[in-house]
Amino acid sequence: MDPKAFFKLNYGVYIVSSSADGKDGGCVINTMAQVTSSPARLSIALNKNNYTLKLIETSGTGVVLSEDVEMEQIKRFGFQSGKNVDKYDGIPQGRDSLSNPYPIEGVCARFACRVISTLDVGTHVIVIGEVEEAEVMDEKTPGLTYSDYHVKKNGSTPPNAPSYQENAGRTVGYRCTVCGYILESDT
């Protein structure tokens with residue numbers, strides 16, 4: 001089996017955020033879909049080890065990122081734990097009607113959802129939320145797919161992502177700490 005085949009699936013890249021017990025959090029996900037239109041419901045999947053899942057089990061906000069989102073925002077929300085860092089410190093943000101934070105830059109739409117159901121699927125939990133608010137924040141096309149993230153943004157897959165594969169294809173890679181370029185090489 002070629003595990004890199006999963007990178008050819010067309011996922012979007014999203015930020016999901018929440019607030020509970022006075023703590024704000026958020027993370028990058030690549031698994032969000034509309035599951036019904038009436039009532040409007042979305043599904044997301046989060047790793048059980050993800051701190052944001054604990055916040056989202058109370059209430060959640062999904063924010064769709066547009067194609068021009070900066071890698072710094074993806075790094076902030078995708079490669080740090082809300083246990084250790086305030087992901088919203090110093091960035092422009094808004095609050096939805098459920099008191100959840102969301103970034104306002106690099107975002108084309110946002111959805112405020114109330115969690116109505118969860119399903120344990122092994123390493124991840126699928127969360128179904130009923131949409132209470134939906135807002136277009138930018139007329140740009142939501143074009144940042146997971147494939148674009150890897151190809152255009154030179155992104156990598158964090159261990160908590162559903163598409164993470166340890167030693168996929170057994171290629172060794174080195175990431176430049178300055179520009180983020182990944183050199184796939186044994187040396």
# chains A, B, ... in the order shown; residues from 1 in each chain; ligands from 1

call {"tool": "residues_around", "arguments": {"residues": "Arg41 in chain A", "least_positions_apart": "6", "cutoff": "8 Å", "atoms": "only C-alpha atoms", "output": "NGL selection string"}}
result
:A and (34-35 or 113 or 128-131)

call {"tool": "atom_distance", "arguments": {"atom1": "CA of Ile15 in chain A", "atom2": "CA of Ser38 in chain A"}}
result
23.6 Å

call {"tool": "atom_distance", "arguments": {"atom1": "CA of Ser81 in chain A", "atom2": "CA of Asn50 in chain A"}}
result
7.7 Å

call {"tool": "residues_around", "arguments": {"residues": "range 100-103 of chain A", "least_positions_apart": "4", "cutoff": "10 Å", "atoms": "only C-alpha atoms", "output": "ChimeraX atom specification"}}
result
/A:15-20,23-26,55-56,59-63,65,73,87-88,91-96,107,110-113

call {"tool": "atom_distance", "arguments": {"atom1": "CA of Ala45 in chain A", "atom2": "CA of Ile126 in chain A"}}
result
4.3 Å

call {"tool": "closest_residue", "arguments": {"among": "A:Asn47, A:Thr177, A:Thr58, A:Thr52", "to": "Ser99 in chain A", "atoms": "only C-alpha atoms"}}
result
A:Thr58
